[in-house]
Number of protein chains: 2
Amino acid sequence: MRATIIHGPGDIRVEDRDYPSVQLPTDVVVKVTASCVCGSDLWPYRGSRPTRRPSAIGHEFIGVVESTGADVTQLNAGDFVIAPFVVSCGECQQCRNGVTVACARLAGWGGRDDSGINIDGGQGEAVRVPLAESTLVKVPLTGEPDDALRKNLLTLSDVMATGHHAALSAQVSAGRTVVVVGDGAVGLCAVLAARRLGAERIIAMSRHADRQAIAREFGATDIVEERGDDGVAKVRELLGGVLADSVLECVGTKEAMDQALHAVRPGGALGFVGAPTGGAEISLGHLFSKNITVAGGMAPARTYIPELLDDVLAGRINPGRVFDVEMPLEEAAEAYKAMDERRAIKVLLRP
Amino acid sequence: MRATIIHGPGDIRVEDRDYPSVQLPTDVVVKVTASCVCGSDLWPYRGSRPTRRPSAIGHEFIGVVESTGADVTQLNAGDFVIAPFVVSCGECQQCRNGVTVACARLAGWGGRDDSGINIDGGQGEAVRVPLAESTLVKVPLTGEPDDALRKNLLTLSDVMATGHHAALSAQVSAGRTVVVVGDGAVGLCAVLAARRLGAERIIAMSRHADRQAIAREFGATDIVEERGDDGVAKVRELLGGVLADSVLECVGTKEAMDQALHAVRPGGALGFVGAPTGGAEISLGHLFSKNITVAGGMAPARTYIPELLDDVLAGRINPGRVFDVEMPLEEAAEAYKAMDERRAIKVLLRP
């Protein structure tokens, strides 16, 4: 089969690999119908995370079950499934707590499972899925999903689940005022998640007209183009002299985190889902003096997918709008380039 | 009148001051029936916070209204009242959000109000209370409170409200497992607050037999004497191999915060109410990788007093047990010494 392999910074190739097969009784093999490039895939692409050996890449995909291991009873060949961005067992204390990203048997696409067996990356034609029943979410479909639905389902793998995590971490609920820092696919999904949870006012911080348009479509009531102190001043002005109840940080840089922190009202909450770069620290004194809550991390997508899926299938949310470019899998290198140069918000890859 | 004045590190004197009178139409004068020494009073006493000029000190007191300003209609002479540890207006956006400690007109006992007029300290015979109706909480009493009730009411000024804030910040609720770091009056009240909110398992970290006894009386199910990594290992052992859902940090040192952070399970919450000393920082990477929520700060005591008062008056909680020493006001210097040397958990002062 064809699969996307990263060889080093800036070096993405689509190569031949063995077609996967069931290795363990809890495995299934999924034929990928769509995958995509994540902002976090750009870390090794940009060299900010090392690539020690050529590795299969991609952790967001949807597809159809092709074959199943002997212990798999809840999934059958032909089932349409969504893969969250990590593998989880569903049975350990962390999974029972809903924190599937801290699973005792956690494994990542393109890595190895806890038996030491390789797992395929998501940006390829097929994937062996370990712990398949607890990892995958089956989608109750009749017939083939159309293009829009396919995109919506694919966002549940990561970006929509991550935006939802930002919103929950920032305690968004009905009537709250919200600021979203970051206008990538996650930031845009965070806007949508905040609206879905009933936020009254949603201020998206963005300087790009195309992203602003999607933010508005997703429920942003206001756009702020200014950054730093000017951005915070603008938020305060829009909110009638006070800061936001909830701020969602969806970037991961120190600048974004500082801006986010200073946009939170006393007693408000900051949800952060941008992986902190460069060992960032936060002042406890600032949190203490303002009574600010900070929460976030990797989204437990597996926990969130069922409720988000209900809304997708009912047509209440359309997160798939974040895909502005679609390419054949063979053009994965160009997909990375377009994301890296911010020519694309998010690229969908068709195997 | 007699009032406690701090002149510098280790220098506490009880001196004569003018008896207060109503200065503004929203003032009342309260005759203090009991006050006490707070752990945070020890900061200037120990010189870790500067004392630039002799200042009235003390921010926890209960008493009886003696006289009222022209605009005061909800309080009358003879009313028994609890003073939260700061003055708040009840009308600004922060007060409406319940974050009275961030009030736009915030003022502290022993400081000045927003008209620049001096406010008496709580460790004295009487206090002019600015913004009296929004600051004070009236206690519906028939007759004089007995000794036990007086102590219970006095804890609502600060330590019980602060313990409750730690518990709320750490998301304590029915069935959660809890660790409390710190066995001072606030730590002990945090144990009581956690039990009140329905925690299933409460582990108090304490090395002092007298404090352990109160912790158990307040609802601690387990005591851990070990500190650092050993303490965390013991918590994990007690909880069957996992860490705590909620950890309440009630000290404020780096060591206590580190211990607290490492006792939180992935996806759990840390509530901190010990004012951070020495510009402490916290690693965002650690929070992100474990999905840990951090919240806390100064407790909005004014917001919490009514519900805690209901429980005190109904006899459901007895936080006054934290007062293990009682002294006449004239012995305030000895009270500070006893607290500083940890010979007393908390000293009540009788004017």
# chains A, B, ... in the order shown; residues from 1 in each chain; ligands from 1

call {"tool": "residues_around", "arguments": {"residues": "B:Val101", "least_positions_apart": "3", "cutoff": "7 Å", "atoms": "only C-alpha atoms", "output": "PyMOL selection string"}}
result
chain B and resi 86+106+298+300

call {"tool": "interface_residues", "arguments": {"of": "chain B", "to": "chain A", "cutoff": "9 Å", "atoms": "only C-alpha atoms", "output": "PyMOL selection string"}}
result
chain B and resi 93-94+97-99+101-102+169+242+265-267+269+272-285+287-299

call {"tool": "residues_around", "arguments": {"residues": "A:Ser157", "least_positions_apart": "5", "cutoff": "8 Å", "atoms": "only C-alpha atoms", "output": "PyMOL selection string"}}
result
chain A and resi 59-62+82-85+301+305

call {"tool": "write_last_selection", "arguments": {"atoms": "N, CA and C atoms", "output": "short mmCIF file (atom, residue, chain, number, x, y, z; two decimals), in the first residue's frame"}}
result
data_model
loop_
_atom_site.label_atom_id
_atom_site.label_comp_id
_atom_site.auth_asym_id
_atom_site.auth_seq_id
_atom_site.Cartn_x
_atom_site.Cartn_y
_atom_site.Cartn_z
N HIS A 59 -2.30 11.10 12.21
CA HIS A 59 -3.03 10.50 13.35
C HIS A 59 -4.53 10.82 13.31
N GLU A 60 -5.01 11.29 12.15
CA GLU A 60 -6.45 11.57 12.02
C GLU A 60 -6.95 10.83 10.79
N PHE A 61 -7.87 9.91 10.98
CA PHE A 61 -8.41 9.23 9.80
C PHE A 61 -9.78 8.64 10.09
N ILE A 62 -10.51 8.45 9.01
CA ILE A 62 -11.77 7.72 9.05
C ILE A 62 -11.69 6.63 7.99
N ILE A 82 -14.51 6.11 13.01
CA ILE A 82 -13.65 7.27 13.25
C ILE A 82 -12.54 6.83 14.20
N ALA A 83 -11.30 7.20 13.87
CA ALA A 83 -10.18 6.90 14.76
C ALA A 83 -9.81 8.15 15.54
N PRO A 84 -9.89 8.12 16.88
CA PRO A 84 -9.35 9.23 17.66
C PRO A 84 -7.83 9.27 17.47
N PHE A 85 -7.20 10.35 17.90
CA PHE A 85 -5.78 10.50 17.55
C PHE A 85 -4.82 9.67 18.39
N ALA A 301 -10.22 12.63 22.88
CA ALA A 301 -11.16 12.61 21.75
C ALA A 301 -12.12 11.42 21.84
N ILE A 305 -16.10 11.92 21.25
CA ILE A 305 -16.64 11.67 19.91
C ILE A 305 -18.14 11.33 19.91
#

call {"tool": "closest_residue", "arguments": {"among": "B:Ile12, B:Asp222, B:Val28, B:Gly163", "to": "B:Leu42", "atoms": "only C-alpha atoms"}}
result
B:Ile12

call {"tool": "residues_around", "arguments": {"residues": "B:Val181", "least_positions_apart": "2", "cutoff": "12 Å", "atoms": "only C-alpha atoms", "output": "ChimeraX atom specification"}}
result
/B:163,166-167,178-179,183-191,202-207,215,223-228,231-232,235,244,246-264,270-274

call {"tool": "calpha_fit_rmsd", "arguments": {"fixed": "chain A", "moving": "chain B"}}
result
0.0 Å

call {"tool": "select_by_dssp", "arguments": {"residues": "stretch 108-330 of chain A", "states": "strand (DSSP E or B)", "output": "PyMOL selection string"}}
result
chain A and resi 108+112+118+124+126-129+137-139+177-181+201-205+222-224+244-249+264-272+281-283+293-296+325-328

call {"tool": "write_last_selection", "arguments": {"atoms": "N, CA and C atoms", "output": "short mmCIF file (atom, residue, chain, number, x, y, z; two decimals), in the first residue's frame"}}
result
data_model
loop_
_atom_site.label_atom_id
_atom_site.label_comp_id
_atom_site.auth_asym_id
_atom_site.auth_seq_id
_atom_site.Cartn_x
_atom_site.Cartn_y
_atom_site.Cartn_z
N GLY A 108 0.36 5.48 19.87
CA GLY A 108 0.08 6.48 18.85
C GLY A 108 0.21 5.90 17.45
N ARG A 112 4.30 2.27 18.10
CA ARG A 112 4.20 0.85 18.40
C ARG A 112 3.15 0.65 19.48
N ASN A 118 4.56 -2.63 15.37
CA ASN A 118 4.36 -1.36 14.66
C ASN A 118 2.89 -1.08 14.38
N GLY A 124 -2.25 7.07 5.10
CA GLY A 124 -1.91 5.96 4.22
C GLY A 124 -3.19 5.28 3.76
N ALA A 126 -4.19 2.13 4.54
CA ALA A 126 -4.83 1.25 5.53
C ALA A 126 -4.02 1.28 6.82
N VAL A 127 -4.70 0.91 7.91
CA VAL A 127 -4.07 0.98 9.23
C VAL A 127 -4.48 -0.25 10.05
N ARG A 128 -3.48 -0.89 10.69
CA ARG A 128 -3.81 -1.88 11.72
C ARG A 128 -4.13 -1.11 12.99
N VAL A 129 -5.32 -1.32 13.53
CA VAL A 129 -5.77 -0.61 14.74
C VAL A 129 -5.72 -1.56 15.93
N VAL A 137 -14.59 4.51 17.02
CA VAL A 137 -16.01 4.80 17.22
C VAL A 137 -16.73 4.48 15.91
N LYS A 138 -17.70 3.59 16.01
CA LYS A 138 -18.48 3.19 14.83
C LYS A 138 -19.51 4.26 14.51
N VAL A 139 -19.65 4.58 13.23
CA VAL A 139 -20.63 5.58 12.81
C VAL A 139 -21.83 4.87 12.20
N THR A 177 -19.02 34.78 28.30
CA THR A 177 -18.30 35.50 27.26
C THR A 177 -16.98 34.76 27.01
N VAL A 178 -16.64 34.66 25.73
CA VAL A 178 -15.52 33.79 25.33
C VAL A 178 -14.58 34.53 24.39
N VAL A 179 -13.28 34.31 24.58
CA VAL A 179 -12.27 34.75 23.62
C VAL A 179 -11.54 33.50 23.13
N VAL A 180 -11.34 33.40 21.82
CA VAL A 180 -10.55 32.30 21.26
C VAL A 180 -9.28 32.87 20.65
N VAL A 181 -8.14 32.41 21.16
CA VAL A 181 -6.83 32.83 20.64
C VAL A 181 -6.34 31.73 19.70
N ARG A 201 -21.27 35.41 23.88
CA ARG A 201 -20.44 36.31 23.08
C ARG A 201 -19.15 35.55 22.80
N ILE A 202 -18.75 35.49 21.54
CA ILE A 202 -17.53 34.76 21.17
C ILE A 202 -16.66 35.67 20.32
N ILE A 203 -15.52 36.04 20.88
CA ILE A 203 -14.58 36.92 20.19
C ILE A 203 -13.45 36.07 19.64
N ALA A 204 -13.32 36.06 18.31
CA ALA A 204 -12.24 35.30 17.67
C ALA A 204 -11.10 36.26 17.36
N MET A 205 -9.89 35.90 17.76
CA MET A 205 -8.72 36.74 17.46
C MET A 205 -8.09 36.20 16.19
N ASP A 222 -17.73 38.49 17.24
CA ASP A 222 -16.79 39.61 17.05
C ASP A 222 -15.44 39.05 16.61
N ILE A 223 -14.73 39.88 15.87
CA ILE A 223 -13.37 39.53 15.45
C ILE A 223 -12.44 40.61 16.00
N VAL A 224 -11.32 40.20 16.56
CA VAL A 224 -10.28 41.17 16.98
C VAL A 224 -9.01 40.85 16.22
N ALA A 244 -12.88 38.55 29.64
CA ALA A 244 -13.75 37.41 29.28
C ALA A 244 -13.87 36.40 30.40
N ASP A 245 -15.04 35.77 30.47
CA ASP A 245 -15.26 34.68 31.43
C ASP A 245 -14.35 33.49 31.09
N SER A 246 -14.24 33.22 29.80
CA SER A 246 -13.53 32.02 29.33
C SER A 246 -12.62 32.40 28.17
N VAL A 247 -11.37 31.97 28.24
CA VAL A 247 -10.46 32.19 27.12
C VAL A 247 -9.89 30.85 26.68
N LEU A 248 -9.91 30.62 25.36
CA LEU A 248 -9.48 29.34 24.80
C LEU A 248 -8.20 29.57 24.02
N GLU A 249 -7.09 28.99 24.50
CA GLU A 249 -5.78 29.18 23.88
C GLU A 249 -5.52 27.98 22.98
N VAL A 264 -8.42 37.05 30.48
CA VAL A 264 -9.36 36.37 31.41
C VAL A 264 -9.73 37.31 32.55
N ARG A 265 -11.01 37.43 32.86
CA ARG A 265 -11.44 38.24 33.99
C ARG A 265 -11.06 37.56 35.31
N PRO A 266 -11.00 38.31 36.40
CA PRO A 266 -10.80 37.67 37.69
C PRO A 266 -11.88 36.61 37.92
N GLY A 267 -11.45 35.45 38.37
CA GLY A 267 -12.39 34.36 38.59
C GLY A 267 -12.76 33.60 37.33
N GLY A 268 -12.20 33.99 36.19
CA GLY A 268 -12.50 33.31 34.93
C GLY A 268 -11.58 32.13 34.69
N ALA A 269 -11.72 31.53 33.51
CA ALA A 269 -10.97 30.30 33.23
C ALA A 269 -10.30 30.34 31.87
N LEU A 270 -9.10 29.78 31.84
CA LEU A 270 -8.32 29.66 30.61
C LEU A 270 -8.21 28.19 30.26
N GLY A 271 -8.66 27.81 29.06
CA GLY A 271 -8.49 26.44 28.58
C GLY A 271 -7.41 26.45 27.52
N PHE A 272 -6.41 25.59 27.66
CA PHE A 272 -5.33 25.62 26.65
C PHE A 272 -5.13 24.25 26.04
N GLU A 281 6.36 28.35 31.24
CA GLU A 281 5.90 28.33 32.62
C GLU A 281 4.84 29.41 32.79
N ILE A 282 4.11 29.30 33.86
CA ILE A 282 3.06 30.26 34.13
C ILE A 282 3.22 30.71 35.58
N SER A 283 2.99 31.98 35.83
CA SER A 283 3.20 32.53 37.17
C SER A 283 2.03 32.17 38.08
N THR A 293 -8.56 30.10 36.72
CA THR A 293 -8.43 28.65 36.55
C THR A 293 -7.73 28.36 35.23
N VAL A 294 -6.75 27.47 35.27
CA VAL A 294 -6.07 27.04 34.04
C VAL A 294 -6.25 25.55 33.89
N ALA A 295 -6.70 25.13 32.72
CA ALA A 295 -6.89 23.70 32.47
C ALA A 295 -6.66 23.42 31.00
N GLY A 296 -6.32 22.19 30.70
CA GLY A 296 -6.16 21.82 29.30
C GLY A 296 -5.18 20.70 29.13
N VAL A 325 -8.76 22.67 1.62
CA VAL A 325 -8.01 22.10 0.51
C VAL A 325 -8.12 20.58 0.60
N GLU A 326 -8.26 19.94 -0.56
CA GLU A 326 -8.31 18.48 -0.61
C GLU A 326 -7.30 18.03 -1.65
N MET A 327 -6.51 17.00 -1.36
CA MET A 327 -5.49 16.51 -2.30
C MET A 327 -5.48 15.00 -2.29
N PRO A 328 -4.97 14.40 -3.36
CA PRO A 328 -4.76 12.95 -3.33
C PRO A 328 -3.59 12.63 -2.38
#

call {"tool": "atom_distance", "arguments": {"atom1": "atom CA of A:Gly8", "atom2": "atom CA of A:Gln123"}}
result
16.2 Å

call {"tool": "closest_residue", "arguments": {"among": "A:Pro20, A:Pro306, A:Arg176, A:Ser48", "to": "A:Leu136", "atoms": "only C-alpha atoms"}}
result
A:Pro306

call {"tool": "closest_residue", "arguments": {"among": "B:Ser134, B:Val65, B:Leu154, B:Leu192", "to": "B:Cys95", "atoms": "only C-alpha atoms"}}
result
B:Ser134

call {"tool": "select_by_dssp", "arguments": {"residues": "stretch 183-281 of chain A", "states": "alpha helix (DSSP H)", "output": "PyMOL selection string"}}
result
chain A and resi 185-196+209-218+228-238+254-261

call {"tool": "residues_around", "arguments": {"residues": "stretch 308-319 of chain B", "least_positions_apart": "6", "cutoff": "7 Å", "atoms": "only C-alpha atoms", "output": "JSON, numbers by chain"}}
result
{"B": [152, 155, 160, 189]}

call {"tool": "write_last_selection", "arguments": {"atoms": "C-alpha atoms", "output": "PDB file, in the first residue's frame"}}
result
ATOM      1  CA  ASN B 152     -17.330  28.614  64.482  1.00  0.00           C
ATOM      2  CA  THR B 155     -13.661  30.875  61.132  1.00  0.00           C
ATOM      3  CA  MET B 160     -13.214  28.066  56.693  1.00  0.00           C
ATOM      4  CA  CYS B 189     -10.788  23.541  57.262  1.00  0.00           C
TER       5      CYS B 189
END
